[in-house]
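Q: Encoded as structure tokens, here's the structure I'll be asking about.
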Amino acid sequence: MPSTTPCCARFSVAGMEVRGLHHVNVNVRDLTEALDFYVQGLGFEPFHRPEMTVRGGWLRMGAHELHIMEVANIVPDKKQHFALLVNSVDDACKELDEKGISFRRITNDNGRSDQLFLHDPTGNRIEIQE
């Protein structure tokens, strides 16, 4: 079932107008492995990231960005995640299966939600929802 959350609504927080989400950052153990997963596996598009003190990459995921930073010995939080909104969870399942990416599908009895959960190579959790 498609989300009913407005994607472009503006709201105010502490007197400042918030126009939306700019990016999400995740920490990864191995930058090369993570870039391969997000670009080849999920189809995100890399774009220029200025030189910084920490190795990382910037990726486009639709209208939003995912920033990844390489951090040695990172232990991802098991519940923390970001969610991707897709047109069809069924199509996402087929695509992930074809690419050999493991996931868990949850369909709630009330029919309100059909979700996939998967992990990047570091163990960061990703939700996919329609």
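Residues in the structure tokens are named by chain (A, B, ... in the order shown) and by number from 1 within that chain; ligands are numbered from 1 in the order shown.
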If DSSP is run on the backbone, what residues of chain A are helix (DSSP H, G or I)? A reply as a list of chain:residue names would be ideal.

A: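 Selecting the helix (DSSP H, G or I) positions of chain A gives A:Leu31, A:Thr32, A:Glu33, A:Ala34, A:Leu35, A:Asp36, A:Phe37, A:Tyr38, A:Val39, A:Gln40, A:Gly41, A:Val89, A:Asp90, A:Asp91, A:Ala92, A:Cys93, A:Lys94, A:Glu95, A:Leu96, A:Asp97, A:Glu98.
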
Q: Contacts of A:Ile126 at 8 Å or less, counting only C-alpha atoms, minus same-chain residues fewer than 6 places along, as a PyMOL selection string?

A: chain A and resi 81-84+117-120

Q: Save out the residues we just selected, all heavy atoms, as a compact mmCIF listing (two decimals), in the first residue's frame.

A:
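This is the output file part_25.txt:
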# COMPACT_ATOMS: atom_id res chain seq x y z
N HIS A 81 18.06 2.41 11.03
CA HIS A 81 17.96 2.13 9.60
C HIS A 81 17.43 3.35 8.86
O HIS A 81 16.97 4.30 9.47
CB HIS A 81 17.04 0.93 9.35
CG HIS A 81 15.60 1.18 9.72
ND1 HIS A 81 15.16 1.13 11.02
CD2 HIS A 81 14.53 1.49 8.97
CE1 HIS A 81 13.86 1.39 11.05
NE2 HIS A 81 13.45 1.62 9.81
N PHE A 82 17.51 3.28 7.56
CA PHE A 82 16.79 4.24 6.73
C PHE A 82 15.89 3.44 5.81
O PHE A 82 16.12 2.25 5.57
CB PHE A 82 17.74 5.18 5.96
CG PHE A 82 18.63 4.52 4.95
CD1 PHE A 82 18.25 4.40 3.63
CD2 PHE A 82 19.89 4.04 5.32
CE1 PHE A 82 19.08 3.80 2.69
CE2 PHE A 82 20.73 3.45 4.40
CZ PHE A 82 20.33 3.34 3.08
N ALA A 83 14.84 4.07 5.31
CA ALA A 83 13.85 3.37 4.50
C ALA A 83 13.78 4.00 3.11
O ALA A 83 13.79 5.22 2.97
CB ALA A 83 12.48 3.42 5.17
N LEU A 84 13.69 3.14 2.12
CA LEU A 84 13.52 3.56 0.74
C LEU A 84 12.08 3.31 0.32
O LEU A 84 11.52 2.25 0.62
CB LEU A 84 14.45 2.75 -0.18
CG LEU A 84 15.94 2.84 0.15
CD1 LEU A 84 16.73 1.88 -0.72
CD2 LEU A 84 16.44 4.27 -0.02
N PHE A 117 13.54 -5.97 4.52
CA PHE A 117 14.68 -5.53 5.32
C PHE A 117 15.91 -6.24 4.80
O PHE A 117 15.89 -7.45 4.56
CB PHE A 117 14.46 -5.85 6.80
CG PHE A 117 13.42 -4.98 7.45
CD1 PHE A 117 12.12 -5.41 7.54
CD2 PHE A 117 13.75 -3.73 7.94
CE1 PHE A 117 11.15 -4.61 8.12
CE2 PHE A 117 12.79 -2.91 8.52
CZ PHE A 117 11.48 -3.36 8.61
N LEU A 118 16.97 -5.49 4.60
CA LEU A 118 18.24 -6.04 4.16
C LEU A 118 19.37 -5.30 4.85
O LEU A 118 19.11 -4.32 5.57
CB LEU A 118 18.37 -5.95 2.63
CG LEU A 118 18.23 -4.58 2.00
CD1 LEU A 118 19.26 -4.39 0.92
CD2 LEU A 118 16.83 -4.46 1.40
N HIS A 119 20.59 -5.76 4.66
CA HIS A 119 21.75 -5.15 5.30
C HIS A 119 22.85 -4.91 4.27
O HIS A 119 23.04 -5.73 3.36
CB HIS A 119 22.29 -6.05 6.41
CG HIS A 119 21.33 -6.20 7.54
ND1 HIS A 119 20.34 -7.16 7.54
CD2 HIS A 119 21.20 -5.51 8.68
CE1 HIS A 119 19.64 -7.04 8.66
NE2 HIS A 119 20.14 -6.05 9.37
N ASP A 120 23.56 -3.80 4.43
CA ASP A 120 24.73 -3.57 3.59
C ASP A 120 25.88 -4.44 4.13
O ASP A 120 25.71 -5.11 5.15
CB ASP A 120 25.07 -2.08 3.50
CG ASP A 120 25.69 -1.48 4.75
OD1 ASP A 120 26.02 -2.22 5.71
OD2 ASP A 120 25.86 -0.24 4.78

Q: Could you write out, as a ChimeraX atom specification, all the residues of stretch 6-76 of chain A that DSSP marks as strand (DSSP E)?

A: /A:11-13,16-18,23-28,45-47,56-61,64-70

Q: Restricting the calculation to only C-alpha atoms: of A:Asp30, A:Asp91, A:Asp109, A:Asp97, which residue gets closest to A:Asn73?

A: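 So, comparing all the options, the nearest one is A:Asp30.
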
Q: Just checking: using only C-alpha atoms, which residue out of A:Val86, A:Met52, A:Leu66, A:Ala34 ends up closest to A:Leu21?

A: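 Smallest separation from A:Leu21 among the options: A:Leu66.
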
Q: My list of candidates is A:Tyr38, A:Glu65, A:Asp77, A:His23. Which is closest to A:Leu96 when distances are computed with only C-alpha atoms?

A: A:Tyr38

Q: Have a look at A:Val39, A:Leu31, A:Val24, A:Val75 and name the one nearest to A:Asn124; count only C-alpha atoms.

A: A:Val75

Q: What's around A:Trp58 at 7 Å? Count only C-alpha atoms, leave out sequence neighbours fewer than 3 positions away in its own chain, and write the answer as a list in words.

A: Pro46, Phe47, His48, Arg49, Glu65, Leu66, His67 and Ile68 of chain A

Q: For the atom pair atom CA of A:Leu35 and atom CA of A:Gly20, what is the interatomic distance in Å to one decimal place?

A: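 Value for the atom CA of A:Leu35-atom CA of A:Gly20 distance: 25.0 Å.
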
Q: Counting only C-alpha atoms, which of A:Gly123, A:Asp114, A:Ala92, A:Ala63 gets nearest to A:His22?

A: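 When distances to A:His22 are compared using only C-alpha atoms, the smallest one comes from A:Ala63.
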